[in-house]
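Structure, as structure tokens:
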Amino acid sequence: MNLVYIAPTKKDFVIKLLKDYFENVTCFDSIDDFQKSDNEFDVAVFSTLLGMEIIESYIKVARQSDKIYVFPIFFEEDGNFLFYETPIAAAKLKEQVIAIKSLCTEIEHHHYSTWENRILAYFYTRPDFTIAPKLDKQKPMFYYYPLVEQFYDGQEDYFYWLEDMASQNILSKVKLVDRIFCCPYCFSALLKFSDHCPNCGSINIRNEKFIHCFTCGYVGPESKFLKNERFVCPSCKSKLKLIGQDYDRPLENGVCNDCGTYHIESKLKIECLTCHKSCSTEDLSKKLIYEYKLTEYGRNQIRFGTINSINLIVNELNYLEINHFIFNIDWYIKIQRRYPEDYFSLIALKFVLDETTSAYDLILEFSKMLRQLFRTTDLCSKLDINSLIFFFPKSDAQALQSIQNKIQTFLKNISLNKGKFDIKIASFSSTKENISDKSAEELIAAIAGQL
Amino acid sequence: MNRYWNEILYYLTMYWNYEEYWKLYVFVFPIVIFLEIPLYLLIITSYIKKFWNDVFLWSAPVNYFPTVSCIITCYNEGKAILDTIRSLVEQLYKGNIEILVMVDGSDINKSTYLAALNYANKYHAENKYSSRYIRVIPKKLRGGRVSSNNLGLSISKGEIIIIVDGDCSLDNDLVASAVRGFANPNVVGSSGNIRIRNWNASLVTKFQALEYMIGLQLSKTGLAELGMLNNISGAHGIFRKSFIQAIGGWKNGTAEDLDMTTRIKAYLKSYPNLKIIHTYESTMHTDGPESWSKLLKQRQRWDGDLSFLYFKRYRKILRPKNIGWKNLFAIVWYDFMFCLCVPFLTIIYTIWLFFKFSPSFASTMLILTYIYYLFSTTALFFLYLAFVSERKKNDIKFLLYLPLMPIYQYIMRINTAYATILEFVLSTHKDTSMAPWWVIRKTN
């Protein structure tokens with residue numbers, strides 16, 4: 001087995017230790033030298049003396065490449081070996097590498113062109129690995145997943161992907177780490193809170209105790225009453241001595257310095273520091289931060305290559321999470337009740353795949369066809385791991401029929417090299433009668449039942 | 001009957017010329033001439049002096065804001081305790097105020113304790129940097145008022161101690177005005193003004209309100225001006241902590257306030273530059289009994305305590321060498337003669353009148369007495385209104401009830417005589433509700 005040890009200063013006892021377990025141990029001084037070499041290695045050990053930033057930038061490159069994304073990497077610090085942050089004995093090092101290698105062979109015939117597929121393959125080869133969030137006040141959500149960031153190269157939020165995987169039961173939520181409030185527009189948790197006058201919106205407000213004179217009913221701030229260390233009503237000039245009999249404290253406690261009005265409660269305004277939009281407290285959305293782990297079901301899906309085949313289709317369609325999808329349909333049902341000529345249609349597809357089928361090419365073809373059918377106003381969502389649902393607004397039964405025909409022609413024309421491939425179709429078209437008292441959830445449940 | 005009224009009219013209008021009448025008058029009114037008129041004159045003089053001082057003597061503004069500890073002694077007031085605490089929190093005093101809520105028998109008075117505790121917690125949660133500090137002290141087993149005062153004294157942090165009853169409310173300038181007098185380092189104690197909060201409840205409470213204004217507020221202001229203050233009330237007393245600690249705090253037994261005042265006076269004899277004052281501006285409001293029966297019971301208790309103290313407990317202490325001639329004179333004259341003997345004299349006089357003379361003549365005498373008292377009370381009331389009252393608009397309403405005041409005073413005097421007899425016969429002072437029986441039995 002070929003091991004590469006990259007360290008600026010060689011430690012002989014480390015090399016000796018490694019040579020006890022690995023047949024070939026190659027040493028490099030820097031990562032650049034290592035990248036230039038043409039040799040193939042089974043495992044790499046990085047000395048932390050190289051600097052964690054340099055190592056991490058290399059790992060990011062490695063994880064994002066098509067070839068070496070599952071490449072086992074260990075760290076060496078003061079002669080101790082680390083697997084991420086957990087120490088690992090030198091004897092276990094080889095066992096670990098062998099285990100990873102054998103798991104790699106199980107899945108190597110699948111295509112892993114996207115980062116989602118690569119990271120799942122990575123988890124597959126590292127069982128018992130949890131995706132744990134780390135706190136970082138620089139990040140817009142305060143939390144980030146270091147491992148996911150190694151694979152993910154985009155700028156957008158990848159949290160939705162974890163949620164998606166968890167909803168498909170590929171990943172399971174092991175532990176709730178935190179619950180954070182964030183901006184409803186960009187999901188940033190970097191928020192600025194300030195209170196304002198409810199009348200003019202000015203931030204120039206102050207708190208003041210108020211007094212209610214029982215004699216004349218005048219209500220005003222305490223400062224107006226205070227004269228020579230006594231309370232004298234500015235309106236009726238009566239002396240206010242005994243609380244409960246001469247005066248009382250009403251609820252108002254705020255004064256605006258700009259418009260001069262009194263208020264009981266100031267208005268809380270929240271400004272997002274990332275997108276600079278403001279919102280109120282009730283608009284804030286709550287994000288739950290979890291630790292994730294690959295499920296047994298997810299492991300099987302990865303092994304048989306069936307994971308994410310559907311994702312290939314939805315990648316370039318207007319994909320919505322099922323909750324948002326239902327919300328949109330509910331909204332459209334309301335529209336149709338008001339404007340009865342605004343019909344809509346729903347089509348659900350279920351992919352029936354044989355376990356041995358490598359459906360990648362097939363699904364790629366199918367998604368191309370769907371993209372041609374799809375209009376920019378149509379929406380799509382997932383019912384479960386194998387089923388998709390499409391929403392076609394302003395489409396009546398006739399339009400629906402033509403879509404269905406096209407799908408069927410496609411299915412007739414394709415030929416399979418090996419295994420079984422089938423698509424089941426269920427559809428629904430709205431008319432005046434059949435949506436009168438139904439909710440979107442009921443409609444979708446009915447369609448899913450037909451599959 | 002007609003003849004009876006005609007005779008009264010005759011005596012009132014035509015009898016003036018008879019020599020016999022004047023003899024009678026002199027014989028009949030020794031009380032008035034020797035006891036009351038000098039007192040009234042004294043009070044009026046003191047007011048002239050006070051008025052002179054207030055108007056013509058410039059006094060420097062007082063810059064004295066020590067920490068004040070208010071000891072609230074409470075028992076089973078329940079939520080009413082919050083009125084007291086709240087009115088203390090509301091004080092417009094610049095210095096710190098420590099509010100010590102002493103809950104006597106907190107095990108059986110859970111509602112009082114919890115109400116006070118919740119209020120304190122809520123207040124401190126809302127006002128983190130307040131200069132008012134509420135401490136609720138539960139005394140699990142009941143120990144009486146004296147033990148509450150003494151415990152409060154030992155744990156308090158303030159320079160000035162204000163003793164307040166649990167069921168009353170305080171004007172928001174009470175502390176500020178109470179402390180002002182203590183800027184003079186020689187002042188060791190002060191009494192304060194007490195008003196009847198529920199004066200509107202019944203006729204009885206209206207009489208009591210008037211009685212507190214004229215009888216207590218006015219006469220105390222006058223007596224204090226002359227250095228002869230009779231009592232610093234237990235419901236509202238202000239003391240300098242260091243002095244009270246030096247004389248050993250309060251002593252168990254009935255009327256601990258009168259006891260304390262008498263002991264302070266004994267010290268004043270040895271340290272003549274010290275003094276006790278009456279701060280008429282520091283006003284506290286309390287509820288008086290609303291029915292005649294409750295009022296008479298209350299007064300019987302007070303008067304019984306008074307006679308117990310002077311005739312039994314302090315018989316040997318009340319000597320000029322102990323408390324000084326001036327204070328002895330004040331005690332003998334005001335407390336002993338005025339408060340204890342006059343009631344007996346009044347009764348004896350009334351009985352004597354009706355035995356000696358015809359009913360119509362006796363009635364005439366009573367009518368004349370009534371007129372005299374109406375006149376004197378009215379005069380004192382106006383004196384009060386002019387110089388003392390801090391709520392003139394409110395107090396002037398009581399003018400309506402002045403004509404009934406002499407009758408009220410007559411009833412109260414008979415009640416006092418009754419209470420004094422009862423005390424001598426039954427030692428009723430031991431029936432006090434101020435402390436539990438296991439504390440009282442040890443006191444003499």
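By order of appearance in the structure tokens: chains A, B, ..., then residues from 1 within every chain, and ligands from 1 in the order shown.
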Counting only C-alpha atoms, chain A residues within 7 Å of chain B, as a PyMOL selection string: chain A and resi 229-230+241-243
Selection: 6 Å around stretch 29-45 of chain A, only C-alpha atoms, excl. self and same-chain fewer than 6 positions, as a list in words: Asn2, Leu3, Val4, Tyr5, Ile6, Ala7, Pro8, Pro72, Ile73, Phe74 and Phe75 of chain A
Restricting the output to all heavy atoms, write the selected residues as a PDB file, in the first residue's frame.
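Saved as selection.pdb:
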```
ATOM      1  N   ASN A   2       0.494   2.209  -0.830  1.00  0.00           N
ATOM      2  CA  ASN A   2       1.323   3.415  -0.967  1.00  0.00           C
ATOM      3  C   ASN A   2       0.842   4.538  -0.050  1.00  0.00           C
ATOM      4  O   ASN A   2      -0.316   4.949  -0.122  1.00  0.00           O
ATOM      5  CB  ASN A   2       1.287   3.927  -2.408  1.00  0.00           C
ATOM      6  CG  ASN A   2       1.812   2.888  -3.352  1.00  0.00           C
ATOM      7  OD1 ASN A   2       2.705   2.097  -2.992  1.00  0.00           O
ATOM      8  ND2 ASN A   2       1.254   2.840  -4.549  1.00  0.00           N
ATOM      9  N   LEU A   3       1.758   4.996   0.781  1.00  0.00           N
ATOM     10  CA  LEU A   3       1.418   6.108   1.673  1.00  0.00           C
ATOM     11  C   LEU A   3       2.311   7.295   1.336  1.00  0.00           C
ATOM     12  O   LEU A   3       3.475   7.115   1.015  1.00  0.00           O
ATOM     13  CB  LEU A   3       1.620   5.694   3.123  1.00  0.00           C
ATOM     14  CG  LEU A   3       1.301   6.731   4.197  1.00  0.00           C
ATOM     15  CD1 LEU A   3       0.563   6.065   5.347  1.00  0.00           C
ATOM     16  CD2 LEU A   3       2.520   7.448   4.710  1.00  0.00           C
ATOM     17  N   VAL A   4       1.708   8.478   1.401  1.00  0.00           N
ATOM     18  CA  VAL A   4       2.532   9.666   1.203  1.00  0.00           C
ATOM     19  C   VAL A   4       2.504  10.482   2.488  1.00  0.00           C
ATOM     20  O   VAL A   4       1.457  10.672   3.114  1.00  0.00           O
ATOM     21  CB  VAL A   4       2.058  10.478  -0.029  1.00  0.00           C
ATOM     22  CG1 VAL A   4       0.612  10.914   0.108  1.00  0.00           C
ATOM     23  CG2 VAL A   4       2.972  11.664  -0.262  1.00  0.00           C
ATOM     24  N   TYR A   5       3.704  10.861   2.908  1.00  0.00           N
ATOM     25  CA  TYR A   5       3.833  11.642   4.143  1.00  0.00           C
ATOM     26  C   TYR A   5       4.385  13.003   3.775  1.00  0.00           C
ATOM     27  O   TYR A   5       5.483  13.120   3.250  1.00  0.00           O
ATOM     28  CB  TYR A   5       4.742  10.904   5.121  1.00  0.00           C
ATOM     29  CG  TYR A   5       5.058  11.662   6.382  1.00  0.00           C
ATOM     30  CD1 TYR A   5       4.024  12.190   7.172  1.00  0.00           C
ATOM     31  CD2 TYR A   5       6.369  11.853   6.804  1.00  0.00           C
ATOM     32  CE1 TYR A   5       4.308  12.879   8.339  1.00  0.00           C
ATOM     33  CE2 TYR A   5       6.667  12.543   7.976  1.00  0.00           C
ATOM     34  CZ  TYR A   5       5.623  13.054   8.732  1.00  0.00           C
ATOM     35  OH  TYR A   5       5.889  13.742   9.888  1.00  0.00           O
ATOM     36  N   ILE A   6       3.603  14.032   4.018  1.00  0.00           N
ATOM     37  CA  ILE A   6       4.013  15.380   3.618  1.00  0.00           C
ATOM     38  C   ILE A   6       4.287  16.196   4.886  1.00  0.00           C
ATOM     39  O   ILE A   6       3.381  16.425   5.694  1.00  0.00           O
ATOM     40  CB  ILE A   6       2.933  16.063   2.771  1.00  0.00           C
ATOM     41  CG1 ILE A   6       2.612  15.186   1.560  1.00  0.00           C
ATOM     42  CG2 ILE A   6       3.394  17.441   2.297  1.00  0.00           C
ATOM     43  CD1 ILE A   6       1.173  15.037   1.307  1.00  0.00           C
ATOM     44  N   ALA A   7       5.553  16.581   5.070  1.00  0.00           N
ATOM     45  CA  ALA A   7       5.925  17.347   6.253  1.00  0.00           C
ATOM     46  C   ALA A   7       7.129  18.206   5.920  1.00  0.00           C
ATOM     47  O   ALA A   7       8.020  17.770   5.209  1.00  0.00           O
ATOM     48  CB  ALA A   7       6.272  16.406   7.398  1.00  0.00           C
ATOM     49  N   PRO A   8       7.164  19.441   6.393  1.00  0.00           N
ATOM     50  CA  PRO A   8       8.309  20.312   6.099  1.00  0.00           C
ATOM     51  C   PRO A   8       9.582  19.793   6.760  1.00  0.00           C
ATOM     52  O   PRO A   8      10.662  19.911   6.191  1.00  0.00           O
ATOM     53  CB  PRO A   8       7.892  21.668   6.679  1.00  0.00           C
ATOM     54  CG  PRO A   8       6.770  21.381   7.622  1.00  0.00           C
ATOM     55  CD  PRO A   8       6.133  20.124   7.200  1.00  0.00           C
ATOM     56  N   PRO A  72      -8.349   9.032   1.319  1.00  0.00           N
ATOM     57  CA  PRO A  72      -8.212   9.141   2.770  1.00  0.00           C
ATOM     58  C   PRO A  72      -7.039  10.048   3.161  1.00  0.00           C
ATOM     59  O   PRO A  72      -5.937   9.883   2.662  1.00  0.00           O
ATOM     60  CB  PRO A  72      -7.975   7.706   3.227  1.00  0.00           C
ATOM     61  CG  PRO A  72      -7.798   6.890   2.021  1.00  0.00           C
ATOM     62  CD  PRO A  72      -8.021   7.693   0.815  1.00  0.00           C
ATOM     63  N   ILE A  73      -7.337  11.001   4.027  1.00  0.00           N
ATOM     64  CA  ILE A  73      -6.308  11.950   4.470  1.00  0.00           C
ATOM     65  C   ILE A  73      -6.264  11.920   5.994  1.00  0.00           C
ATOM     66  O   ILE A  73      -7.309  11.949   6.657  1.00  0.00           O
ATOM     67  CB  ILE A  73      -6.625  13.373   3.979  1.00  0.00           C
ATOM     68  CG1 ILE A  73      -6.470  13.450   2.460  1.00  0.00           C
ATOM     69  CG2 ILE A  73      -5.726  14.400   4.659  1.00  0.00           C
ATOM     70  CD1 ILE A  73      -6.952  14.730   1.851  1.00  0.00           C
ATOM     71  N   PHE A  74      -5.067  11.823   6.550  1.00  0.00           N
ATOM     72  CA  PHE A  74      -4.893  11.881   8.008  1.00  0.00           C
ATOM     73  C   PHE A  74      -3.931  13.011   8.337  1.00  0.00           C
ATOM     74  O   PHE A  74      -3.200  13.490   7.484  1.00  0.00           O
ATOM     75  CB  PHE A  74      -4.345  10.555   8.533  1.00  0.00           C
ATOM     76  CG  PHE A  74      -5.300   9.401   8.324  1.00  0.00           C
ATOM     77  CD1 PHE A  74      -5.229   8.622   7.179  1.00  0.00           C
ATOM     78  CD2 PHE A  74      -6.284   9.133   9.257  1.00  0.00           C
ATOM     79  CE1 PHE A  74      -6.116   7.582   6.975  1.00  0.00           C
ATOM     80  CE2 PHE A  74      -7.173   8.088   9.052  1.00  0.00           C
ATOM     81  CZ  PHE A  74      -7.086   7.315   7.912  1.00  0.00           C
ATOM     82  N   PHE A  75      -3.961  13.378   9.603  1.00  0.00           N
ATOM     83  CA  PHE A  75      -3.038  14.426  10.046  1.00  0.00           C
ATOM     84  C   PHE A  75      -2.061  13.839  11.055  1.00  0.00           C
ATOM     85  O   PHE A  75      -2.354  12.855  11.720  1.00  0.00           O
ATOM     86  CB  PHE A  75      -3.804  15.568  10.708  1.00  0.00           C
ATOM     87  CG  PHE A  75      -4.810  16.208   9.809  1.00  0.00           C
ATOM     88  CD1 PHE A  75      -6.163  16.006   9.998  1.00  0.00           C
ATOM     89  CD2 PHE A  75      -4.393  16.998   8.741  1.00  0.00           C
ATOM     90  CE1 PHE A  75      -7.084  16.579   9.157  1.00  0.00           C
ATOM     91  CE2 PHE A  75      -5.315  17.576   7.891  1.00  0.00           C
ATOM     92  CZ  PHE A  75      -6.666  17.370   8.103  1.00  0.00           C
TER      93      PHE A  75
END
```
Between atom CA of B:Leu153 and atom CA of B:Ala178, measure the distance and give it in Å to one decimal. 17.6 Å
Filtered DSSP result for stretch 245-401 of chain B, state strand (DSSP E or B), as a PyMOL selection string: chain B and resi 275-286
How about saving the chosen residues, C-alpha atoms kept, as an mmCIF file, in the first residue's frame?
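And here's again.cif as it stands now:
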```cif
data_model
loop_
_atom_site.group_PDB
_atom_site.id
_atom_site.type_symbol
_atom_site.label_atom_id
_atom_site.label_comp_id
_atom_site.auth_asym_id
_atom_site.auth_seq_id
_atom_site.Cartn_x
_atom_site.Cartn_y
_atom_site.Cartn_z
ATOM 1 C CA LYS B 275 -33.777 66.820 71.329
ATOM 2 C CA ILE B 276 -36.859 65.213 69.893
ATOM 3 C CA ILE B 277 -39.028 67.012 67.404
ATOM 4 C CA HIS B 278 -42.323 66.704 65.586
ATOM 5 C CA THR B 279 -42.166 66.793 61.789
ATOM 6 C CA TYR B 280 -45.655 67.903 60.883
ATOM 7 C CA GLU B 281 -44.997 67.716 57.130
ATOM 8 C CA SER B 282 -44.229 64.015 57.043
ATOM 9 C CA THR B 283 -47.676 62.576 56.633
ATOM 10 C CA MET B 284 -48.804 58.985 56.913
ATOM 11 C CA HIS B 285 -52.304 57.734 56.231
ATOM 12 C CA THR B 286 -53.909 54.992 58.238
#
```
List every residue of stretch 174-346 of chain B that DSSP, applied to the backbone, labels as alpha helix (DSSP H), and write the result as number ranges by chain. B: 174-180, 203-211, 219-225, 241-246, 256-270, 292-307, 320-323, 325-330, 342-346
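Residues with any atom within 10 Å of B:Tyr267, counting only C-alpha atoms and excluding same-chain neighbours fewer than 4 positions away, are Ile247, Thr261, Thr262, Arg263, Tyr271, Pro272, Leu274, Lys275, Asn322, Ile323 and Gly324 of chain B.
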Can you list, as a short mmCIF file (atom, residue, chain, number, x, y, z; two decimals) with all heavy atoms, in the first residue's frame, every protein, DNA or RNA residue that comes within 10 Å of B:Thr378 when you count only C-alpha atoms, leaving out same-chain residues fewer than 2 positions away?
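Ended up saving to around.cif:
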```cif
data_model
loop_
_atom_site.label_atom_id
_atom_site.label_comp_id
_atom_site.auth_asym_id
_atom_site.auth_seq_id
_atom_site.Cartn_x
_atom_site.Cartn_y
_atom_site.Cartn_z
N ILE B 214 -56.64 68.14 65.05
CA ILE B 214 -56.53 69.12 66.13
C ILE B 214 -55.81 68.51 67.33
O ILE B 214 -54.86 69.07 67.84
CB ILE B 214 -57.94 69.60 66.56
CG1 ILE B 214 -58.68 70.15 65.35
CG2 ILE B 214 -57.82 70.67 67.62
CD1 ILE B 214 -60.14 70.36 65.60
N TYR B 372 -68.62 76.66 74.76
CA TYR B 372 -67.20 76.94 75.00
C TYR B 372 -66.32 76.00 74.15
O TYR B 372 -65.39 76.44 73.47
CB TYR B 372 -66.87 76.78 76.49
CG TYR B 372 -65.40 76.57 76.71
CD1 TYR B 372 -64.50 77.63 76.58
CD2 TYR B 372 -64.89 75.31 77.00
CE1 TYR B 372 -63.16 77.44 76.73
CE2 TYR B 372 -63.55 75.10 77.15
CZ TYR B 372 -62.67 76.17 77.02
OH TYR B 372 -61.33 75.96 77.16
N TYR B 373 -66.67 74.73 74.22
CA TYR B 373 -65.85 73.76 73.48
C TYR B 373 -65.94 73.98 71.97
O TYR B 373 -64.96 73.83 71.25
CB TYR B 373 -66.24 72.33 73.85
CG TYR B 373 -65.49 71.84 75.05
CD1 TYR B 373 -66.15 71.58 76.25
CD2 TYR B 373 -64.11 71.66 75.00
CE1 TYR B 373 -65.46 71.16 77.36
CE2 TYR B 373 -63.42 71.24 76.11
CZ TYR B 373 -64.09 70.99 77.29
OH TYR B 373 -63.39 70.57 78.37
N LEU B 374 -67.15 74.31 71.52
CA LEU B 374 -67.32 74.57 70.08
C LEU B 374 -66.41 75.72 69.66
O LEU B 374 -65.71 75.66 68.65
CB LEU B 374 -68.79 74.91 69.79
CG LEU B 374 -69.08 75.19 68.31
CD1 LEU B 374 -68.81 73.96 67.47
CD2 LEU B 374 -70.52 75.63 68.14
N PHE B 375 -66.42 76.74 70.51
CA PHE B 375 -65.60 77.93 70.20
C PHE B 375 -64.11 77.56 70.17
O PHE B 375 -63.39 77.89 69.22
CB PHE B 375 -65.88 79.01 71.24
CG PHE B 375 -65.01 80.22 71.07
CD1 PHE B 375 -65.27 81.14 70.05
CD2 PHE B 375 -63.92 80.43 71.90
CE1 PHE B 375 -64.46 82.24 69.89
CE2 PHE B 375 -63.09 81.52 71.73
CZ PHE B 375 -63.37 82.43 70.72
N SER B 376 -63.68 76.86 71.23
CA SER B 376 -62.24 76.57 71.31
C SER B 376 -61.81 75.62 70.18
O SER B 376 -60.76 75.80 69.56
CB SER B 376 -61.89 75.99 72.67
OG SER B 376 -62.50 74.73 72.82
N LEU B 380 -59.05 76.37 67.31
CA LEU B 380 -57.89 75.50 67.07
C LEU B 380 -57.89 74.98 65.64
O LEU B 380 -56.84 74.86 65.01
CB LEU B 380 -57.91 74.33 68.06
CG LEU B 380 -57.56 74.66 69.49
CD1 LEU B 380 -57.72 73.42 70.36
CD2 LEU B 380 -56.14 75.18 69.60
N PHE B 381 -59.10 74.69 65.16
CA PHE B 381 -59.19 74.17 63.79
C PHE B 381 -58.66 75.19 62.79
O PHE B 381 -57.92 74.85 61.87
CB PHE B 381 -60.63 73.81 63.47
CG PHE B 381 -60.82 73.23 62.10
CD1 PHE B 381 -60.38 71.94 61.82
CD2 PHE B 381 -61.39 73.97 61.08
CE1 PHE B 381 -60.54 71.40 60.57
CE2 PHE B 381 -61.53 73.44 59.82
CZ PHE B 381 -61.11 72.14 59.55
N PHE B 382 -59.02 76.45 63.00
CA PHE B 382 -58.52 77.48 62.07
C PHE B 382 -57.02 77.67 62.21
O PHE B 382 -56.33 77.92 61.23
CB PHE B 382 -59.29 78.80 62.27
CG PHE B 382 -60.61 78.79 61.55
CD1 PHE B 382 -61.82 78.74 62.23
CD2 PHE B 382 -60.63 78.79 60.15
CE1 PHE B 382 -63.01 78.70 61.54
CE2 PHE B 382 -61.84 78.75 59.47
CZ PHE B 382 -63.03 78.70 60.16
N LEU B 383 -56.56 77.55 63.47
CA LEU B 383 -55.11 77.63 63.69
C LEU B 383 -54.41 76.51 62.90
O LEU B 383 -53.40 76.73 62.22
CB LEU B 383 -54.82 77.46 65.19
CG LEU B 383 -53.40 77.77 65.66
CD1 LEU B 383 -53.11 79.25 65.51
CD2 LEU B 383 -53.23 77.35 67.11
N TYR B 384 -54.99 75.33 63.00
CA TYR B 384 -54.45 74.17 62.28
C TYR B 384 -54.46 74.42 60.77
O TYR B 384 -53.47 74.22 60.07
CB TYR B 384 -55.28 72.93 62.62
CG TYR B 384 -55.07 71.77 61.68
CD1 TYR B 384 -53.96 70.94 61.80
CD2 TYR B 384 -55.97 71.54 60.65
CE1 TYR B 384 -53.76 69.90 60.93
CE2 TYR B 384 -55.77 70.49 59.77
CZ TYR B 384 -54.67 69.68 59.91
OH TYR B 384 -54.46 68.65 59.04
N LEU B 399 -65.10 71.50 58.43
CA LEU B 399 -65.76 72.58 59.16
C LEU B 399 -67.21 72.21 59.49
O LEU B 399 -67.74 72.55 60.54
CB LEU B 399 -65.73 73.84 58.27
CG LEU B 399 -65.69 75.19 58.97
CD1 LEU B 399 -64.54 75.24 59.96
CD2 LEU B 399 -65.57 76.29 57.94
N LEU B 402 -67.61 70.24 62.75
CA LEU B 402 -67.12 70.84 64.00
C LEU B 402 -68.21 70.94 65.07
O LEU B 402 -67.94 70.66 66.23
CB LEU B 402 -66.51 72.21 63.72
CG LEU B 402 -65.03 72.21 63.34
CD1 LEU B 402 -64.55 73.63 63.13
CD2 LEU B 402 -64.17 71.55 64.42
N PRO B 403 -69.47 71.35 64.73
CA PRO B 403 -70.50 71.46 65.77
C PRO B 403 -70.74 70.16 66.53
O PRO B 403 -71.22 70.19 67.67
CB PRO B 403 -71.75 71.87 65.00
CG PRO B 403 -71.24 72.54 63.79
CD PRO B 403 -69.96 71.86 63.45
N MET B 405 -68.35 67.99 67.19
CA MET B 405 -67.08 67.58 67.80
C MET B 405 -67.13 67.55 69.33
O MET B 405 -66.66 66.59 69.95
CB MET B 405 -65.99 68.51 67.30
CG MET B 405 -64.71 67.89 66.80
SD MET B 405 -64.63 66.18 66.51
CE MET B 405 -63.01 65.89 67.18
#
```
Contacts of A:Asn413 within 12 Å, only C-alpha atoms, excl. fewer than 6 positions in-chain, as a ChimeraX atom specification: /A:362,365-366,406-407
Preceding selection exported with all heavy atoms as a tab-separated table (two decimals), in the first residue's frame:
```
chain	number	residue	atom	x	y	z
A	362	LEU	N	-30.36	7.22	-18.58
A	362	LEU	CA	-31.78	7.24	-18.89
A	362	LEU	C	-32.47	8.48	-18.32
A	362	LEU	O	-33.20	9.20	-19.01
A	362	LEU	CB	-32.40	5.98	-18.26
A	362	LEU	CG	-33.81	5.72	-18.66
A	362	LEU	CD1	-33.81	4.85	-19.91
A	362	LEU	CD2	-34.54	5.05	-17.54
A	365	GLU	N	-31.61	11.63	-20.08
A	365	GLU	CA	-32.42	11.77	-21.29
A	365	GLU	C	-33.81	12.31	-20.96
A	365	GLU	O	-34.32	13.23	-21.57
A	365	GLU	CB	-32.58	10.39	-21.98
A	365	GLU	CG	-31.41	9.98	-22.82
A	365	GLU	CD	-31.23	10.94	-24.01
A	365	GLU	OE1	-32.22	11.15	-24.74
A	365	GLU	OE2	-30.12	11.49	-24.16
A	366	PHE	N	-34.39	11.68	-19.95
A	366	PHE	CA	-35.74	12.03	-19.56
A	366	PHE	C	-35.83	13.48	-19.10
A	366	PHE	O	-36.77	14.21	-19.43
A	366	PHE	CB	-36.19	11.08	-18.44
A	366	PHE	CG	-37.63	11.27	-18.05
A	366	PHE	CD1	-38.65	10.94	-18.95
A	366	PHE	CD2	-37.98	11.77	-16.80
A	366	PHE	CE1	-39.97	11.09	-18.60
A	366	PHE	CE2	-39.30	11.93	-16.46
A	366	PHE	CZ	-40.30	11.59	-17.36
A	406	LYS	N	-46.92	13.00	-24.56
A	406	LYS	CA	-45.50	13.17	-24.88
A	406	LYS	C	-44.64	12.27	-23.99
A	406	LYS	O	-43.67	11.67	-24.45
A	406	LYS	CB	-45.09	14.63	-24.68
A	406	LYS	CG	-45.39	15.47	-25.92
A	406	LYS	CD	-44.90	16.88	-25.76
A	406	LYS	CE	-45.42	17.69	-26.94
A	406	LYS	NZ	-45.26	19.12	-26.73
A	407	ILE	N	-45.00	12.21	-22.71
A	407	ILE	CA	-44.22	11.36	-21.80
A	407	ILE	C	-44.31	9.90	-22.24
A	407	ILE	O	-43.32	9.17	-22.29
A	407	ILE	CB	-44.72	11.52	-20.34
A	407	ILE	CG1	-44.40	12.93	-19.83
A	407	ILE	CG2	-44.07	10.48	-19.41
A	407	ILE	CD1	-45.01	13.28	-18.51
```
Which residues are near A:Asp384? Cut-off 10 Å, only C-alpha atoms, ignore same chain within fewer than 6 positions. Put them as a ChimeraX atom specification. /A:167-169,310,322,350,448
Generate the output file for the selected residues, N, CA, C and O atoms, as a short mmCIF file (atom, residue, chain, number, x, y, z; two decimals), in the first residue's frame.
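As a result, selection.cif now contains:
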```
data_model
loop_
_atom_site.label_atom_id
_atom_site.label_comp_id
_atom_site.auth_asym_id
_atom_site.auth_seq_id
_atom_site.Cartn_x
_atom_site.Cartn_y
_atom_site.Cartn_z
N SER A 167 -35.19 15.05 4.85
CA SER A 167 -36.60 14.79 4.57
C SER A 167 -36.75 13.53 3.71
O SER A 167 -37.78 12.88 3.73
N GLN A 168 -35.72 13.21 2.94
CA GLN A 168 -35.76 11.99 2.13
C GLN A 168 -35.23 10.78 2.88
O GLN A 168 -35.07 9.70 2.31
N ASN A 169 -34.91 11.00 4.15
CA ASN A 169 -34.44 9.92 5.01
C ASN A 169 -33.07 9.39 4.59
O ASN A 169 -32.67 8.30 4.98
N ILE A 310 -33.29 11.37 -9.34
CA ILE A 310 -34.39 12.31 -9.53
C ILE A 310 -33.91 13.74 -9.43
O ILE A 310 -34.37 14.62 -10.14
N ILE A 322 -41.71 20.50 -0.73
CA ILE A 322 -43.10 20.08 -0.82
C ILE A 322 -44.03 21.04 -0.06
O ILE A 322 -45.14 21.35 -0.52
N LYS A 350 -43.86 8.40 -11.03
CA LYS A 350 -43.10 7.54 -10.12
C LYS A 350 -42.13 6.70 -10.93
O LYS A 350 -42.51 6.06 -11.91
N ALA A 448 -51.06 10.95 -5.14
CA ALA A 448 -50.01 10.01 -4.70
C ALA A 448 -50.59 8.62 -4.53
O ALA A 448 -49.91 7.62 -4.78
#
```
